[in-house]
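Trainee: Dropping a structure here in structure tokens format, bear with me for questions.
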Amino acid sequence: DAGVIQSPRHEVTEMGQEVTLRCKPISGHDYLFWYRQTMMRGLELLIYFNNNVPIDDSGMPEDRFSAKMPNASFSTLKIQPSEPRDSAVYFCASSFGDRFNEQYFGPGTRLTVT
Amino acid sequence: SQQGEEDPQALSIQEGENATMNCSYKTSINNLQWYRQNSGRGLVHLILIRSNEREKHSGRLRVTLDTSKKSSSLLITASRAADTASYFCATDDNNNDMRFGAGTRLTVKP
């Protein structure tokens, strides 16, 4: 298996633009997580899905952030409109069987909003 | 707020030495996990220890868990330059939350 795949790896955009981050989890995994990592706040869980259904989105910063998982092999995290404070590395991770089992992380998307 | 808090924040050692990192947490947990992150990469799972376990080994890694002190330690023996990375602990508690600490930045000098 190729592992968790994220795209793009780097994104530079201007304030106010819409940003869409993509994730393909490991085949067969039934949990998918979106994290944000910054120097100031460390690693924060934004939202997680179980069997494509959003379970806990309490970590989503505000209404500008939305996430979808239309099927078991694809998820998106959208920021609209983007702001400079959204600059961070966004990770997608997946796991199998239990949300507290070992998580497999993707390589991350480094987002810079100018 | 962070559940797991690692210390030290940064650790620098010579190749061949042992590295010990600690993680403290506040509430009762079910499991504790250690992850490693190389610069510019995603986290990689190292080891999971359950609340009823006291020690676990995996290759050069040794993890201990002391639930009475609400702390865990990760020991890397005979360190190598390739062990240079950030190490995070993650805890899941009875509130059904999983939280990552701020991490320890380990530098192993060749």
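Chain labels run A, B, ... following the order of the structure tokens; each chain numbers its residues from 1, and ligands are numbered from 1 in the order shown.
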Using DSSP on the backbone, list every residue of stretch 23-87 of chain A that comes out as strand (DSSP E or B), and give them as a PyMOL selection string.

Mentor: chain A and resi 23-24+31-38+42-50+53-56+65-71+74-79

Trainee: For the residues in that selection, give me N, CA and C atoms as a compact mmCIF listing (two decimals), in the first residue's frame.

Mentor:
```txt
# COMPACT_ATOMS: atom_id res chain seq x y z
N CYS A 23 -7.06 14.15 0.55
CA CYS A 23 -6.47 13.01 1.26
C CYS A 23 -7.06 11.71 0.76
N LYS A 24 -6.19 10.74 0.56
CA LYS A 24 -6.61 9.38 0.26
C LYS A 24 -6.09 8.49 1.39
N TYR A 31 -11.24 4.87 9.77
CA TYR A 31 -11.17 6.16 10.46
C TYR A 31 -10.25 7.08 9.66
N LEU A 32 -10.66 8.35 9.57
CA LEU A 32 -9.83 9.34 8.91
C LEU A 32 -9.81 10.60 9.76
N PHE A 33 -8.63 11.16 9.91
CA PHE A 33 -8.42 12.32 10.79
C PHE A 33 -7.76 13.45 9.99
N TRP A 34 -8.16 14.66 10.31
CA TRP A 34 -7.46 15.84 9.80
C TRP A 34 -6.85 16.58 10.99
N TYR A 35 -5.54 16.88 10.88
CA TYR A 35 -4.81 17.61 11.91
C TYR A 35 -4.19 18.85 11.31
N ARG A 36 -3.93 19.81 12.18
CA ARG A 36 -3.17 21.00 11.80
C ARG A 36 -1.99 21.11 12.76
N GLN A 37 -0.82 21.44 12.23
CA GLN A 37 0.37 21.55 13.06
C GLN A 37 1.03 22.91 12.86
N THR A 38 1.22 23.62 13.94
CA THR A 38 1.95 24.89 13.93
C THR A 38 2.93 24.89 15.08
N GLY A 42 1.20 23.41 18.20
CA GLY A 42 1.49 21.98 18.10
C GLY A 42 0.51 21.30 17.15
N LEU A 43 0.22 20.04 17.44
CA LEU A 43 -0.64 19.23 16.59
C LEU A 43 -2.06 19.27 17.14
N GLU A 44 -2.99 19.73 16.32
CA GLU A 44 -4.38 19.86 16.76
C GLU A 44 -5.27 18.98 15.87
N LEU A 45 -6.15 18.24 16.50
CA LEU A 45 -7.13 17.47 15.75
C LEU A 45 -8.26 18.39 15.32
N LEU A 46 -8.52 18.43 14.03
CA LEU A 46 -9.59 19.29 13.51
C LEU A 46 -10.91 18.54 13.45
N ILE A 47 -10.88 17.36 12.86
CA ILE A 47 -12.11 16.59 12.65
C ILE A 47 -11.71 15.15 12.39
N TYR A 48 -12.62 14.22 12.72
CA TYR A 48 -12.37 12.85 12.28
C TYR A 48 -13.67 12.20 11.80
N PHE A 49 -13.51 11.25 10.91
CA PHE A 49 -14.61 10.52 10.30
C PHE A 49 -14.50 9.04 10.67
N ASN A 50 -15.66 8.41 10.77
CA ASN A 50 -15.71 6.96 10.89
C ASN A 50 -16.67 6.46 9.82
N VAL A 53 -18.47 9.11 7.91
CA VAL A 53 -19.38 10.01 8.63
C VAL A 53 -18.57 10.87 9.61
N PRO A 54 -18.76 12.19 9.57
CA PRO A 54 -18.04 13.04 10.54
C PRO A 54 -18.53 12.77 11.95
N ILE A 55 -17.60 12.48 12.85
CA ILE A 55 -17.97 12.13 14.20
C ILE A 55 -17.75 13.29 15.17
N ASP A 56 -16.63 13.94 15.04
CA ASP A 56 -16.28 15.01 15.97
C ASP A 56 -15.58 16.12 15.20
N PHE A 65 -13.84 26.69 7.81
CA PHE A 65 -13.29 25.36 7.58
C PHE A 65 -14.43 24.36 7.40
N SER A 66 -14.30 23.50 6.40
CA SER A 66 -15.27 22.43 6.21
C SER A 66 -14.54 21.20 5.70
N ALA A 67 -15.05 20.03 6.04
CA ALA A 67 -14.44 18.78 5.59
C ALA A 67 -15.53 17.83 5.12
N LYS A 68 -15.18 17.06 4.10
CA LYS A 68 -16.12 16.09 3.56
C LYS A 68 -15.39 14.77 3.33
N MET A 69 -16.17 13.72 3.33
CA MET A 69 -15.63 12.41 2.97
C MET A 69 -16.71 11.71 2.15
N PRO A 70 -16.72 11.95 0.84
CA PRO A 70 -17.79 11.41 0.01
C PRO A 70 -17.75 9.90 -0.16
N ASN A 71 -16.56 9.31 0.02
CA ASN A 71 -16.45 7.85 -0.03
C ASN A 71 -15.26 7.41 0.80
N PHE A 74 -11.56 8.91 -0.12
CA PHE A 74 -11.26 10.30 -0.44
C PHE A 74 -11.88 11.25 0.58
N SER A 75 -11.10 12.25 0.96
CA SER A 75 -11.61 13.29 1.85
C SER A 75 -11.00 14.62 1.46
N THR A 76 -11.74 15.68 1.71
CA THR A 76 -11.24 17.03 1.45
C THR A 76 -11.41 17.89 2.70
N LEU A 77 -10.49 18.82 2.83
CA LEU A 77 -10.57 19.86 3.86
C LEU A 77 -10.52 21.18 3.10
N LYS A 78 -11.56 21.99 3.29
CA LYS A 78 -11.65 23.23 2.52
C LYS A 78 -11.62 24.41 3.47
N ILE A 79 -10.91 25.44 3.07
CA ILE A 79 -10.87 26.70 3.82
C ILE A 79 -11.33 27.80 2.88
```

Trainee: Give me, as number ranges by chain, the residues of chain B touching chain A, with the criterion being at most 7 Å (counting only C-alpha atoms).

Mentor: B: 41-45, 92, 100, 102

Trainee: Only all heavy atoms, please: the residues just picked out, written as a CSV table (one decimal), in the first residue's frame.

Mentor:
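Here's the written file part.csv:
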```csv
chain,number,residue,atom,x,y,z
B,41,ARG,N,8.0,15.8,7.6
B,41,ARG,CA,7.3,14.5,7.3
B,41,ARG,C,6.1,14.4,8.3
B,41,ARG,O,6.0,15.1,9.3
B,41,ARG,CB,8.2,13.4,7.5
B,41,ARG,CG,9.4,13.4,6.6
B,41,ARG,CD,9.1,12.9,5.2
B,41,ARG,NE,10.3,12.7,4.4
B,41,ARG,CZ,11.0,11.5,4.3
B,41,ARG,NH1,10.5,10.5,5.0
B,41,ARG,NH2,12.0,11.4,3.6
B,42,GLY,N,5.3,13.4,8.0
B,42,GLY,CA,4.2,13.1,8.9
B,42,GLY,C,4.7,12.3,10.1
B,42,GLY,O,5.8,11.8,10.1
B,43,LEU,N,3.8,12.1,11.0
B,43,LEU,CA,4.2,11.3,12.2
B,43,LEU,C,4.2,9.8,11.9
B,43,LEU,O,3.4,9.3,11.1
B,43,LEU,CB,3.2,11.6,13.4
B,43,LEU,CG,3.4,12.8,14.2
B,43,LEU,CD1,3.1,14.1,13.4
B,43,LEU,CD2,2.6,12.8,15.5
B,44,VAL,N,5.0,9.1,12.5
B,44,VAL,CA,5.1,7.7,12.4
B,44,VAL,C,4.9,7.0,13.7
B,44,VAL,O,5.6,7.4,14.7
B,44,VAL,CB,6.5,7.2,11.8
B,44,VAL,CG1,6.6,5.7,11.7
B,44,VAL,CG2,6.6,7.8,10.4
B,45,HIS,N,4.0,6.1,13.8
B,45,HIS,CA,3.7,5.4,15.1
B,45,HIS,C,4.9,4.5,15.5
B,45,HIS,O,5.4,3.8,14.7
B,45,HIS,CB,2.5,4.5,14.9
B,45,HIS,CG,2.0,3.9,16.1
B,45,HIS,ND1,2.4,2.6,16.5
B,45,HIS,CD2,1.3,4.3,17.2
B,45,HIS,CE1,1.9,2.2,17.6
B,45,HIS,NE2,1.2,3.3,18.1
B,92,ASP,N,-5.1,8.7,25.0
B,92,ASP,CA,-6.6,8.7,24.9
B,92,ASP,C,-7.1,8.5,26.3
B,92,ASP,O,-6.7,7.6,27.0
B,92,ASP,CB,-7.0,7.7,23.9
B,92,ASP,CG,-6.8,6.3,24.2
B,92,ASP,OD1,-7.6,5.7,25.1
B,92,ASP,OD2,-5.9,5.7,23.7
B,100,PHE,N,-2.2,15.0,21.5
B,100,PHE,CA,-0.8,14.9,21.3
B,100,PHE,C,-0.1,16.0,22.2
B,100,PHE,O,-0.6,17.1,22.3
B,100,PHE,CB,-0.4,15.1,19.8
B,100,PHE,CG,-0.7,13.9,19.0
B,100,PHE,CD1,-2.0,13.7,18.5
B,100,PHE,CD2,0.3,13.1,18.6
B,100,PHE,CE1,-2.3,12.6,17.7
B,100,PHE,CE2,0.0,12.0,17.8
B,100,PHE,CZ,-1.2,11.8,17.3
B,102,ALA,N,3.4,18.4,22.9
B,102,ALA,CA,4.2,19.4,22.1
B,102,ALA,C,5.4,18.8,21.5
B,102,ALA,O,6.0,19.3,20.6
B,102,ALA,CB,4.5,20.6,22.9
```

Trainee: What is the distance between atom CA of B:Asn38 and atom CA of B:Ser86, in Å to one decimal?

Mentor: 6.4 Å

Trainee: Please measure the separation of atom CA of B:Glu17 and atom CA of B:Thr64, giving the value in Å to one decimal.

Mentor: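 About the pair atom CA of B:Glu17 and atom CA of B:Thr64: they are 18.7 Å apart.
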
Trainee: Which residues come within 9 Å of A:Ile26, counting only C-alpha atoms, excluding same-chain residues fewer than 4 positions away, as a PDB file with N, CA and C atoms, in the first residue's frame?

Mentor:
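And here's around-v1.pdb as it stands now:
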```
ATOM      1  N   ASP A   1       0.851  -1.189   0.000  1.00  0.00           N
ATOM      2  CA  ASP A   1       0.000   0.000   0.000  1.00  0.00           C
ATOM      3  C   ASP A   1       0.890   1.244   0.000  1.00  0.00           C
ATOM      4  N   ALA A   2       0.448   2.295  -0.676  1.00  0.00           N
ATOM      5  CA  ALA A   2       1.264   3.493  -0.787  1.00  0.00           C
ATOM      6  C   ALA A   2       1.208   4.331   0.477  1.00  0.00           C
ATOM      7  N   GLY A   3       0.397   3.986   1.423  1.00  0.00           N
ATOM      8  CA  GLY A   3       0.253   4.815   2.600  1.00  0.00           C
ATOM      9  C   GLY A   3      -0.791   5.887   2.356  1.00  0.00           C
ATOM     10  N   VAL A   4      -0.920   6.794   3.312  1.00  0.00           N
ATOM     11  CA  VAL A   4      -1.866   7.893   3.184  1.00  0.00           C
ATOM     12  C   VAL A   4      -1.290   8.901   2.190  1.00  0.00           C
ATOM     13  N   ILE A   5      -2.105   9.299   1.248  1.00  0.00           N
ATOM     14  CA  ILE A   5      -1.651  10.218   0.205  1.00  0.00           C
ATOM     15  C   ILE A   5      -2.350  11.566   0.384  1.00  0.00           C
ATOM     16  N   ASP A  30     -11.021   2.561   8.385  1.00  0.00           N
ATOM     17  CA  ASP A  30     -12.359   3.114   8.533  1.00  0.00           C
ATOM     18  C   ASP A  30     -12.402   4.417   9.335  1.00  0.00           C
ATOM     19  N   SER A  73     -12.456   6.357   0.155  1.00  0.00           N
ATOM     20  CA  SER A  73     -11.092   6.532  -0.324  1.00  0.00           C
ATOM     21  C   SER A  73     -10.727   7.985  -0.598  1.00  0.00           C
ATOM     22  N   ALA A  93      -4.610  11.549   8.511  1.00  0.00           N
ATOM     23  CA  ALA A  93      -4.187  10.261   9.047  1.00  0.00           C
ATOM     24  C   ALA A  93      -5.361   9.295   8.978  1.00  0.00           C
ATOM     25  N   SER A  94      -5.050   8.007   8.936  1.00  0.00           N
ATOM     26  CA  SER A  94      -6.122   7.018   8.956  1.00  0.00           C
ATOM     27  C   SER A  94      -5.765   5.883   9.905  1.00  0.00           C
ATOM     28  N   SER A  95      -6.781   5.190  10.368  1.00  0.00           N
ATOM     29  CA  SER A  95      -6.563   4.036  11.239  1.00  0.00           C
ATOM     30  C   SER A  95      -7.670   3.035  10.996  1.00  0.00           C
ATOM     31  N   TYR A 104      -1.880   6.183  10.892  1.00  0.00           N
ATOM     32  CA  TYR A 104      -0.907   6.319   9.820  1.00  0.00           C
ATOM     33  C   TYR A 104      -1.087   7.711   9.210  1.00  0.00           C
TER      34      TYR A 104
END
```

Trainee: Quick one: residues within 9 Å of B:Thr107, only C-alpha atoms counted, chain neighbours fewer than 3 positions away excluded, as a list in words?

Mentor: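 Near B:Thr107, the qualifying residues are Ala10, Leu11, Ser12, Ile13, Gln14, Ala81, Asp83, Thr84, Ala85 and Ser86 of chain B.
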
Trainee: Need the shell around B:Gln33: protein/DNA/RNA residues with any atom at most 9 Å away, counting only C-alpha atoms. Skip same-chain ones fewer than 3 positions apart. Format as a CSV table (one decimal) with N, CA and C atoms, in the first residue's frame?

Mentor:
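Result went into out06.csv, see below:
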```csv
chain,number,residue,atom,x,y,z
A,102,GLU,N,-3.4,2.6,16.3
A,102,GLU,CA,-2.2,3.3,15.6
A,102,GLU,C,-2.7,4.1,14.4
B,45,HIS,N,4.0,6.1,13.8
B,45,HIS,CA,3.7,5.4,15.1
B,45,HIS,C,4.9,4.5,15.5
B,46,LEU,N,5.3,4.6,16.8
B,46,LEU,CA,6.4,3.8,17.3
B,46,LEU,C,5.8,2.7,18.1
B,47,ILE,N,5.0,3.0,19.1
B,47,ILE,CA,4.6,2.0,20.1
B,47,ILE,C,3.4,2.4,20.8
B,48,LEU,N,2.6,1.5,21.2
B,48,LEU,CA,1.4,1.7,22.0
B,48,LEU,C,1.5,0.9,23.3
B,49,ILE,N,1.2,1.6,24.4
B,49,ILE,CA,1.2,0.9,25.7
B,49,ILE,C,-0.1,1.1,26.4
B,50,ARG,N,-0.7,0.0,26.8
B,50,ARG,CA,-2.1,0.1,27.4
B,50,ARG,C,-1.9,0.4,28.9
B,88,PHE,N,6.7,12.5,20.0
B,88,PHE,CA,5.4,12.9,20.6
B,88,PHE,C,4.8,11.8,21.3
B,89,CYS,N,4.2,12.1,22.5
B,89,CYS,CA,3.3,11.1,23.1
B,89,CYS,C,1.8,11.5,22.8
B,90,ALA,N,1.0,10.6,22.8
B,90,ALA,CA,-0.4,10.8,22.5
B,90,ALA,C,-1.2,9.9,23.5
B,91,THR,N,-2.2,10.5,24.1
B,91,THR,CA,-3.0,9.8,25.1
B,91,THR,C,-4.4,9.8,24.7
B,92,ASP,N,-5.1,8.7,25.0
B,92,ASP,CA,-6.6,8.7,24.9
B,92,ASP,C,-7.1,8.5,26.3
```

Trainee: Report the distance between atom CA of B:Gly40 and atom CA of A:Ala88 in Å, rounded to one decimal place.

Mentor: 11.8 Å

Trainee: Closest to A:Gly97 among A:Ala72, A:Glu62, A:Met15, A:Asn51, using only C-alpha atoms?

Mentor: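 That would be A:Asn51, the residue with the smallest distance to A:Gly97.
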
Trainee: Considering only C-alpha atoms, state which residue in the set B:Lys69, B:Arg80, B:Arg105, B:Arg99 is at the smallest distance from B:Asn31.

Mentor: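 The shortest atom-to-atom distance to B:Asn31 comes from B:Arg99.
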